[in-house]
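> The structure is given below, and queries will be raised subsequently.
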Amino acid sequence: MAKDYFAVFALPEKLKIDVAALEKAFYAMSRRLHPDRFASRPVAEQEAALAESSLLNDAYRTLKDPILRTQYLLKLEGVELEEQSKAATDAARATGVEKKQVVPPELLEEVFELNMQLQEMRAARQMGEDEPELRRDLMTAKDSFDAKMVETQAELEGLWAAWDAGVDAGDEAAKARAKDAMVALLNKRSYLRNLVRDVNDALEV
């Protein structure tokens, strides 16, 4: 069975990690796997080193990024985040139906208002008109969603601590609570990112 990314660096499956130590370990391991060291070795050894180097690069790239690290750990836990689901994306592409994300309940009212404003802005642009007041409203909405993105980051960091404490204590219930909350938060974060993109598109930013 292939090593998971945490095992590559002999790390526990926790979300708060020492990124400087991770980087140091990565460069040390990369040097040991450098192709020049295997130039005179049998082809099988060269290929094995190349495969190990590829795994090492993927592991480092994923674990050094806190969001990718969280998504990867959730995947190990059997969770395929909605926006990460390739099957859903492929199905949407094949049918021509846009893949829908569920609107987080606390955003319903703002999203409804934003969709109305986006429709108005698109209609105005088609007519070749500029709507300064509507543009201001959309910029205000974008600022609000950007601020919520920052809030989700702070909430996520609290959940990393809760997950890690659950790992240390061997508390499966605490881990399950943290996992469910992280899934909801990452989907909310993805939804907010898409809203900001939609506003930028409408404003041609």
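By order of appearance in the structure tokens: chains A, B, ..., then residues from 1 within every chain, and ligands from 1 in the order shown.
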Do a neighbour search on segment 169-180 of chain A at 10 Å with only C-alpha atoms, toss out local chain neighbours closer than 3 positions, and write the hits as a VMD selection string.

chain A and resid 70 73 to 74 77 79 156 158 to 166 183 to 185

> Could you write those residues out with N, CA, C and O atoms, as an mmCIF file, in the first residue's frame?


data_model
loop_
_atom_site.group_PDB
_atom_site.id
_atom_site.type_symbol
_atom_site.label_atom_id
_atom_site.label_comp_id
_atom_site.auth_asym_id
_atom_site.auth_seq_id
_atom_site.Cartn_x
_atom_site.Cartn_y
_atom_site.Cartn_z
ATOM 1 N N THR A 70 -5.701 20.285 5.073
ATOM 2 C CA THR A 70 -6.992 19.965 5.695
ATOM 3 C C THR A 70 -7.834 19.098 4.761
ATOM 4 O O THR A 70 -8.425 18.095 5.180
ATOM 5 N N LEU A 73 -6.383 15.552 4.686
ATOM 6 C CA LEU A 73 -6.687 14.762 5.876
ATOM 7 C C LEU A 73 -8.147 14.305 5.864
ATOM 8 O O LEU A 73 -8.450 13.157 6.213
ATOM 9 N N LEU A 74 -9.039 15.193 5.449
ATOM 10 C CA LEU A 74 -10.458 14.816 5.367
ATOM 11 C C LEU A 74 -10.659 13.691 4.345
ATOM 12 O O LEU A 74 -11.466 12.788 4.560
ATOM 13 N N GLU A 77 -9.929 10.561 5.776
ATOM 14 C CA GLU A 77 -11.031 10.187 6.669
ATOM 15 C C GLU A 77 -12.286 9.775 5.899
ATOM 16 O O GLU A 77 -13.346 9.568 6.474
ATOM 17 N N VAL A 79 -13.815 11.596 3.466
ATOM 18 C CA VAL A 79 -14.673 12.715 3.063
ATOM 19 C C VAL A 79 -14.182 13.287 1.741
ATOM 20 O O VAL A 79 -13.031 13.719 1.638
ATOM 21 N N LEU A 156 -11.365 27.981 11.141
ATOM 22 C CA LEU A 156 -10.703 26.748 10.722
ATOM 23 C C LEU A 156 -9.516 26.440 11.636
ATOM 24 O O LEU A 156 -9.295 25.287 12.019
ATOM 25 N N GLY A 158 -9.212 27.195 14.716
ATOM 26 C CA GLY A 158 -9.750 26.668 15.965
ATOM 27 C C GLY A 158 -10.112 25.187 15.842
ATOM 28 O O GLY A 158 -9.912 24.397 16.769
ATOM 29 N N LEU A 159 -10.613 24.813 14.666
ATOM 30 C CA LEU A 159 -10.987 23.410 14.435
ATOM 31 C C LEU A 159 -9.761 22.517 14.278
ATOM 32 O O LEU A 159 -9.777 21.356 14.654
ATOM 33 N N TRP A 160 -8.671 23.081 13.725
ATOM 34 C CA TRP A 160 -7.425 22.299 13.657
ATOM 35 C C TRP A 160 -6.988 21.920 15.071
ATOM 36 O O TRP A 160 -6.587 20.783 15.323
ATOM 37 N N ALA A 161 -7.054 22.896 15.982
ATOM 38 C CA ALA A 161 -6.659 22.644 17.374
ATOM 39 C C ALA A 161 -7.564 21.590 17.999
ATOM 40 O O ALA A 161 -7.092 20.701 18.730
ATOM 41 N N ALA A 162 -8.870 21.662 17.707
ATOM 42 C CA ALA A 162 -9.823 20.680 18.256
ATOM 43 C C ALA A 162 -9.531 19.281 17.713
ATOM 44 O O ALA A 162 -9.575 18.289 18.455
ATOM 45 N N TRP A 163 -9.226 19.188 16.401
ATOM 46 C CA TRP A 163 -8.899 17.893 15.795
ATOM 47 C C TRP A 163 -7.635 17.306 16.442
ATOM 48 O O TRP A 163 -7.601 16.140 16.840
ATOM 49 N N ASP A 164 -6.596 18.146 16.529
ATOM 50 C CA ASP A 164 -5.316 17.670 17.069
ATOM 51 C C ASP A 164 -5.456 17.222 18.522
ATOM 52 O O ASP A 164 -4.850 16.229 18.939
ATOM 53 N N ALA A 165 -6.271 17.958 19.295
ATOM 54 C CA ALA A 165 -6.508 17.566 20.693
ATOM 55 C C ALA A 165 -7.220 16.211 20.735
ATOM 56 O O ALA A 165 -6.925 15.367 21.590
ATOM 57 N N GLY A 166 -8.149 16.005 19.809
ATOM 58 C CA GLY A 166 -8.850 14.720 19.735
ATOM 59 C C GLY A 166 -7.905 13.586 19.385
ATOM 60 O O GLY A 166 -8.014 12.475 19.920
ATOM 61 N N VAL A 183 -15.682 20.177 7.381
ATOM 62 C CA VAL A 183 -16.320 19.956 6.079
ATOM 63 C C VAL A 183 -17.274 21.105 5.768
ATOM 64 O O VAL A 183 -17.244 21.687 4.672
ATOM 65 N N ALA A 184 -18.126 21.457 6.746
ATOM 66 C CA ALA A 184 -19.090 22.549 6.540
ATOM 67 C C ALA A 184 -18.364 23.866 6.266
ATOM 68 O O ALA A 184 -18.747 24.641 5.388
ATOM 69 N N LEU A 185 -17.289 24.105 7.008
ATOM 70 C CA LEU A 185 -16.559 25.366 6.875
ATOM 71 C C LEU A 185 -15.821 25.461 5.538
ATOM 72 O O LEU A 185 -15.814 26.516 4.891
#

> Set the distance at 12 Å and use only C-alpha atoms: which residues neighbour Asp146 of chain A once local chain neighbours fewer than 2 positions away are removed? I'd like the list as a PyMOL selection string.

chain A and resi 139-144+148-153+189-197+199-200

> Fewer than 3 positions away in the same chain doesn't count, so skip those; otherwise give me all residues within 12 Å of segment 55-67 of chain A, counting only C-alpha atoms, as a CSV table (one decimal) with N, CA, C and O atoms, in the first residue's frame.


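Saved as selection-v1.csv:
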chain,number,residue,atom,x,y,z
A,2,ALA,N,0.6,2.2,-0.8
A,2,ALA,CA,1.4,3.5,-0.9
A,2,ALA,C,1.2,4.2,0.4
A,2,ALA,O,0.2,4.2,1.0
A,3,LYS,N,2.3,4.9,0.7
A,3,LYS,CA,2.3,5.7,1.9
A,3,LYS,C,1.4,6.9,1.7
A,3,LYS,O,1.3,7.5,0.6
A,4,ASP,N,0.7,7.3,2.8
A,4,ASP,CA,0.0,8.6,2.7
A,4,ASP,C,1.0,9.7,3.0
A,4,ASP,O,2.2,9.5,3.4
A,5,TYR,N,0.6,10.9,2.7
A,5,TYR,CA,1.5,12.1,2.7
A,5,TYR,C,2.1,12.3,4.1
A,5,TYR,O,3.2,12.8,4.3
A,6,PHE,N,1.3,12.1,5.2
A,6,PHE,CA,1.8,12.3,6.5
A,6,PHE,C,2.9,11.3,6.8
A,6,PHE,O,4.0,11.6,7.4
A,7,ALA,N,2.7,10.0,6.4
A,7,ALA,CA,3.7,9.0,6.7
A,7,ALA,C,5.0,9.2,5.9
A,7,ALA,O,6.0,8.8,6.4
A,8,VAL,N,4.9,9.9,4.8
A,8,VAL,CA,6.1,10.2,4.0
A,8,VAL,C,7.1,10.9,4.9
A,8,VAL,O,8.3,10.7,4.9
A,9,PHE,N,6.6,11.9,5.7
A,9,PHE,CA,7.4,12.7,6.6
A,9,PHE,C,7.4,12.2,8.0
A,9,PHE,O,7.9,12.9,8.9
A,10,ALA,N,6.9,11.0,8.2
A,10,ALA,CA,6.8,10.4,9.6
A,10,ALA,C,6.0,11.3,10.6
A,10,ALA,O,6.4,11.5,11.7
A,11,LEU,N,5.0,12.0,10.1
A,11,LEU,CA,4.2,12.9,10.9
A,11,LEU,C,2.9,12.2,11.3
A,11,LEU,O,2.3,11.4,10.6
A,12,PRO,N,2.4,12.6,12.5
A,12,PRO,CA,1.0,12.1,12.9
A,12,PRO,C,0.0,12.8,12.0
A,12,PRO,O,0.3,13.9,11.5
A,13,GLU,N,-1.2,12.3,11.9
A,13,GLU,CA,-2.2,12.9,11.1
A,13,GLU,C,-2.9,14.0,11.9
A,13,GLU,O,-4.0,13.9,12.3
A,14,LYS,N,-2.1,15.1,12.0
A,14,LYS,CA,-2.6,16.3,12.7
A,14,LYS,C,-2.5,17.5,11.8
A,14,LYS,O,-1.8,17.5,10.8
A,15,LEU,N,-3.2,18.6,12.1
A,15,LEU,CA,-3.4,19.7,11.2
A,15,LEU,C,-2.5,20.9,11.5
A,15,LEU,O,-2.2,21.7,10.7
A,16,LYS,N,-1.9,20.9,12.7
A,16,LYS,CA,-1.0,22.0,13.0
A,16,LYS,C,0.4,21.4,12.9
A,16,LYS,O,0.7,20.5,13.7
A,17,ILE,N,1.2,21.8,12.0
A,17,ILE,CA,2.5,21.2,11.8
A,17,ILE,C,3.6,22.3,11.7
A,17,ILE,O,3.2,23.5,11.4
A,18,ASP,N,4.8,22.0,12.0
A,18,ASP,CA,5.9,22.9,11.9
A,18,ASP,C,6.4,23.0,10.4
A,18,ASP,O,7.1,22.1,10.0
A,19,VAL,N,5.9,24.0,9.7
A,19,VAL,CA,6.2,24.1,8.3
A,19,VAL,C,7.7,24.2,8.0
A,19,VAL,O,8.2,23.7,7.0
A,20,ALA,N,8.4,24.9,8.9
A,20,ALA,CA,9.9,25.1,8.7
A,20,ALA,C,10.6,23.7,8.8
A,20,ALA,O,11.5,23.4,8.0
A,21,ALA,N,10.2,22.9,9.8
A,21,ALA,CA,10.7,21.6,9.9
A,21,ALA,C,10.4,20.7,8.7
A,21,ALA,O,11.2,19.9,8.3
A,22,LEU,N,9.1,20.9,8.2
A,22,LEU,CA,8.7,20.1,7.1
A,22,LEU,C,9.6,20.4,5.9
A,22,LEU,O,10.0,19.6,5.1
A,23,GLU,N,9.8,21.7,5.7
A,23,GLU,CA,10.7,22.2,4.5
A,23,GLU,C,12.1,21.6,4.7
A,23,GLU,O,12.7,21.1,3.7
A,24,LYS,N,12.6,21.6,5.9
A,24,LYS,CA,14.0,21.1,6.1
A,24,LYS,C,14.1,19.6,5.8
A,24,LYS,O,15.0,19.2,5.1
A,25,ALA,N,13.0,18.9,6.2
A,25,ALA,CA,13.0,17.4,5.9
A,25,ALA,C,12.8,17.2,4.4
A,25,ALA,O,13.5,16.3,3.9
A,26,PHE,N,12.0,18.0,3.8
A,26,PHE,CA,11.8,17.8,2.3
A,26,PHE,C,13.1,18.0,1.6
A,26,PHE,O,13.4,17.2,0.7
A,27,TYR,N,13.9,19.0,1.9
A,27,TYR,CA,15.1,19.3,1.1
A,27,TYR,C,16.1,18.2,1.4
A,27,TYR,O,16.9,17.7,0.5
A,28,ALA,N,16.2,17.7,2.6
A,28,ALA,CA,17.1,16.6,3.0
A,28,ALA,C,16.8,15.3,2.2
A,28,ALA,O,17.6,14.7,1.7
A,29,MET,N,15.5,15.0,2.2
A,29,MET,CA,15.0,13.8,1.5
A,29,MET,C,15.2,14.0,0.0
A,29,MET,O,15.5,13.0,-0.7
A,30,SER,N,15.0,15.2,-0.5
A,30,SER,CA,15.1,15.4,-2.0
A,30,SER,C,16.5,15.2,-2.4
A,30,SER,O,16.8,14.6,-3.5
A,31,ARG,N,17.5,15.6,-1.6
A,31,ARG,CA,18.9,15.4,-1.9
A,31,ARG,C,19.2,14.0,-2.1
A,31,ARG,O,20.0,13.5,-3.0
A,32,ARG,N,18.7,13.2,-1.1
A,32,ARG,CA,19.0,11.7,-1.2
A,32,ARG,C,18.4,11.0,-2.4
A,32,ARG,O,18.9,10.0,-2.8
A,33,LEU,N,17.3,11.6,-2.9
A,33,LEU,CA,16.7,11.0,-4.1
A,33,LEU,C,17.1,11.7,-5.4
A,33,LEU,O,16.5,11.3,-6.5
A,34,HIS,N,18.0,12.5,-5.4
A,34,HIS,CA,18.4,13.3,-6.6
A,34,HIS,C,18.8,12.3,-7.7
A,34,HIS,O,19.6,11.3,-7.4
A,48,ALA,N,12.4,3.5,-9.2
A,48,ALA,CA,11.9,3.6,-7.9
A,48,ALA,C,12.2,4.9,-7.2
A,48,ALA,O,11.3,5.5,-6.5
A,49,ALA,N,13.4,5.4,-7.4
A,49,ALA,CA,13.8,6.7,-6.8
A,49,ALA,C,12.9,7.8,-7.4
A,49,ALA,O,12.5,8.8,-6.7
A,50,LEU,N,12.7,7.7,-8.7
A,50,LEU,CA,11.9,8.8,-9.4
A,50,LEU,C,10.5,8.8,-8.8
A,50,LEU,O,9.9,9.8,-8.6
A,51,ALA,N,9.9,7.6,-8.6
A,51,ALA,CA,8.5,7.5,-8.1
A,51,ALA,C,8.5,8.0,-6.7
A,51,ALA,O,7.5,8.7,-6.3
A,52,GLU,N,9.5,7.7,-5.9
A,52,GLU,CA,9.6,8.2,-4.5
A,52,GLU,C,9.7,9.7,-4.4
A,52,GLU,O,9.1,10.4,-3.6
A,70,THR,N,-5.7,20.3,5.1
A,70,THR,CA,-7.0,20.0,5.7
A,70,THR,C,-7.8,19.1,4.8
A,70,THR,O,-8.4,18.1,5.2
A,71,GLN,N,-7.9,19.5,3.5
A,71,GLN,CA,-8.7,18.7,2.5
A,71,GLN,C,-8.1,17.3,2.4
A,71,GLN,O,-8.9,16.3,2.3
A,72,TYR,N,-6.8,17.2,2.4
A,72,TYR,CA,-6.2,15.9,2.3
A,72,TYR,C,-6.5,15.0,3.5
A,72,TYR,O,-6.8,13.8,3.3
A,73,LEU,N,-6.4,15.6,4.7
A,73,LEU,CA,-6.7,14.8,5.9
A,73,LEU,C,-8.1,14.3,5.9
A,73,LEU,O,-8.4,13.2,6.2
A,74,LEU,N,-9.0,15.2,5.4
A,74,LEU,CA,-10.5,14.8,5.4
A,74,LEU,C,-10.7,13.7,4.3
A,74,LEU,O,-11.5,12.8,4.6
A,152,THR,N,-13.6,32.7,8.2
A,152,THR,CA,-13.6,31.2,8.1
A,152,THR,C,-12.2,30.7,8.4
A,152,THR,O,-12.0,29.6,8.9
A,153,GLN,N,-11.2,31.5,8.0
A,153,GLN,CA,-9.8,31.0,8.3
A,153,GLN,C,-9.5,30.9,9.8
A,153,GLN,O,-9.0,30.0,10.3
A,156,LEU,N,-11.4,28.0,11.1
A,156,LEU,CA,-10.7,26.7,10.7
A,156,LEU,C,-9.5,26.4,11.6
A,156,LEU,O,-9.3,25.3,12.0
A,157,GLU,N,-8.8,27.5,12.0
A,157,GLU,CA,-7.6,27.3,12.9
A,157,GLU,C,-8.0,26.7,14.2
A,157,GLU,O,-7.4,25.9,14.8
A,160,TRP,N,-8.7,23.1,13.7
A,160,TRP,CA,-7.4,22.3,13.7
A,160,TRP,C,-7.0,21.9,15.1
A,160,TRP,O,-6.6,20.8,15.3
A,182,MET,N,-15.3,21.0,10.0
A,182,MET,CA,-14.3,21.4,9.0
A,182,MET,C,-14.9,21.3,7.6
A,182,MET,O,-14.7,22.1,6.7
A,183,VAL,N,-15.7,20.2,7.4
A,183,VAL,CA,-16.3,20.0,6.1
A,183,VAL,C,-17.3,21.1,5.8
A,183,VAL,O,-17.2,21.7,4.7
A,185,LEU,N,-17.3,24.1,7.0
A,185,LEU,CA,-16.6,25.4,6.9
A,185,LEU,C,-15.8,25.5,5.5
A,185,LEU,O,-15.8,26.5,4.9
A,186,LEU,N,-15.2,24.4,5.1
A,186,LEU,CA,-14.5,24.4,3.8
A,186,LEU,C,-15.5,24.6,2.7
A,186,LEU,O,-15.2,25.2,1.7
A,187,ASN,N,-16.7,23.9,2.8
A,187,ASN,CA,-17.7,24.1,1.7
A,187,ASN,C,-18.2,25.6,1.7
A,187,ASN,O,-18.4,26.2,0.6
A,189,ARG,N,-16.4,28.2,2.7
A,189,ARG,CA,-15.2,28.9,2.2
A,189,ARG,C,-15.2,28.9,0.6
A,189,ARG,O,-15.0,29.9,-0.1
A,190,SER,N,-15.5,27.7,0.1
A,190,SER,CA,-15.5,27.5,-1.4
A,190,SER,C,-16.6,28.3,-2.0
A,190,SER,O,-16.5,28.9,-3.0

> Would you mind writing down, as number ranges by chain, each residue of segment 9-190 of chain A that DSSP on the backbone assigns to helix (DSSP H, G or I)?

A: 19-32, 35-38, 43-64, 66-76, 82-84, 86-95, 105-126, 132-169, 172-190

> As a ChimeraX atom specification, please: the residues near segment 122-135 of chain A (cut-off 8 Å, only C-alpha atoms, same-chain neighbours under 4 positions excluded).

/A:117-118,139,202-203

> In terms of the shortest atom-to-atom distance over only C-alpha atoms, which of A:Glu80, A:Glu110, A:Asp201, A:Glu47 is closest to Phe145 of chain A?

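Answer, going by the shortest atom-to-atom distance: A:Glu110.
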
> So what do you get for atom CA of Leu108 of chain A versus atom CA of Gly78 of chain A, distance-wise?

28.3 Å

> So what do you get for atom CA of Arg136 of chain A versus atom CA of Ala154 of chain A, distance-wise?

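Atom CA of Ala154 of chain A lies at a distance of 27.7 Å from atom CA of Arg136 of chain A.
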